[in-house]
Amino acid sequence: MEPLVLIAPRPPGGLTLPALREQVLHHASSGSQVVLNLHEYTTMTSLEAATLLRLVIEGREQGVDIRFTQVSQHARQAFTGLEAGLLKEAAPTAEDLSPVEEVGEQTLELVATGRQILEIVGEIAHGLFVAPWRGKGIKWHRTSEQIVKIGVEGVPIVTFLSFLIGAVLALNAASQLRQFGAAIYIANLVGVSMSREMAPLITAIIVAGRSGSAITAELGTMVVSEEVDAMRTMALSPSRFLLVPRMLALLAAVPCLTVLSNLAGIFGGYWVGVIVLGLGSRNYVQQTAQSLLISDLVTGMVKSLVFALLIGLVSCYRGFYVRGGAEGVGTNTTASVVTSIVLCILADAVFTTIFFYVG
């Protein structure tokens, strides 16, 4: 049975239960569902919220399932503490849609997501390349704050994990290479692996988990608390104040962290090769220097810049398009980390394939 959709009026004298009962329950039969559209209630008093919930209880007693739709954030706050479970939106379930309708809905969602991503890209590009020519310079102090959060505060964890990864690589290689009397080539393996693959990827995963999630949570919280809408009302550009500084900070911090990760990983291999395996410090350093090429370092830097771009776009998009209040912020934060890591690994696979054939 199709639900009966009604618009809840907002009379000048205030919402009264008899009037609502007359409108809703007298039009519904037992076993039916009524959807009350609350779009007129951009704000709501506690008394109005209690009146609506009282109507829901009376509806249950008569076998009528009453749900609300288009509940504003202020209205949700008015309902807080009364009965949160009643705020569930009365959206049609998947079982109500035919296969054709399901495909159409998924297509529309995909198109809407693509449009939102393009909007984010456009706003960041406008803030970077167009706004400065119109006298609206880049907020460098905000960018510096983000560089400290993303780059400087991320140094300990990147250094520690990269050192361990370099040591693990060296130990794994040693078990095989020592059989052939080629243990010195541990330096080659660790140096090239860290420069071309491991350092950019480790750094990207750490930054996505640590800083990308923080960016999504910060932006999402500002959206939910309507701070972003307030900025637009005051004719302030959210992209100039929020998105551009974070994107610039990622583009500056991730390559620097990648260089640090590279050095820490090579030192981890050096520690295993020299201290544990006794290869000799001078021999190990010379072998590392001979094995590394400029192209190895350039490859790692190119990857790190692309990874920074991907993490920035995903985290800003997930933060700027949060839906569903605090629960939505948590959901989007998790999705931001997962999406960023998947895209970085996918991009790494593409780059590695291209560099393998190009040389």
# chains A, B, ... in the order shown; residues from 1 in each chain; ligands from 1
$ residues_around --residues "region 154-171 of chain A" --least-positions-apart "6" --cutoff "7 Å" --atoms "only C-alpha atoms" --output "MDAnalysis selection string"
chainID A and resid 186 190 203 257 260:261 264:269 272
$ atom_distance --atom1 "CA of Cys344 (chain A)" --atom2 "CA of Ile117 (chain A)"
17.0 Å
$ closest_residue --among "A:Arg318, A:Arg21, A:Arg240, A:Arg282" --to "Ala131 (chain A)" --atoms "only C-alpha atoms"
A:Arg240
$ closest_residue --among "A:Leu305, A:Leu201, A:Val276, A:Ile341" --to "Pro255 (chain A)" --atoms "only C-alpha atoms"
A:Leu305
$ closest_residue --among "A:Ser291, A:Thr45, A:Ser304, A:Thr216" --to "Ala347 (chain A)" --atoms "only C-alpha atoms"
A:Ser304
$ select_by_dssp --residues "region 181-316 of chain A" --states "alpha helix (DSSP H)" --output "PyMOL selection string"
chain A and resi 186-193+199-207+213-224+227-233+238+244-270+281-291+294-316
$ atom_distance --atom1 "CA of Ala204 (chain A)" --atom2 "CA of Val285 (chain A)"
26.9 Å
$ closest_residue --among "A:Ile345, A:Ile120, A:Val350, A:Ile66" --to "Val244 (chain A)" --atoms "only C-alpha atoms"
A:Ile120
$ atom_distance --atom1 "CA of Val228 (chain A)" --atom2 "CA of Arg76 (chain A)"
19.1 Å
$ closest_residue --among "A:Gly63, A:Pro238, A:Gly122, A:Pro245" --to "Thr143 (chain A)" --atoms "only C-alpha atoms"
A:Pro245
$ residues_around --residues "Gln77 (chain A)" --least-positions-apart "5" --cutoff "9 Å" --atoms "only C-alpha atoms" --output "list in words"
Met44, Ser46 and Ser72 of chain A
$ closest_residue --among "A:Ala125, A:Val100, A:Leu279, A:Val224" --to "Ala187 (chain A)" --atoms "only C-alpha atoms"
A:Leu279
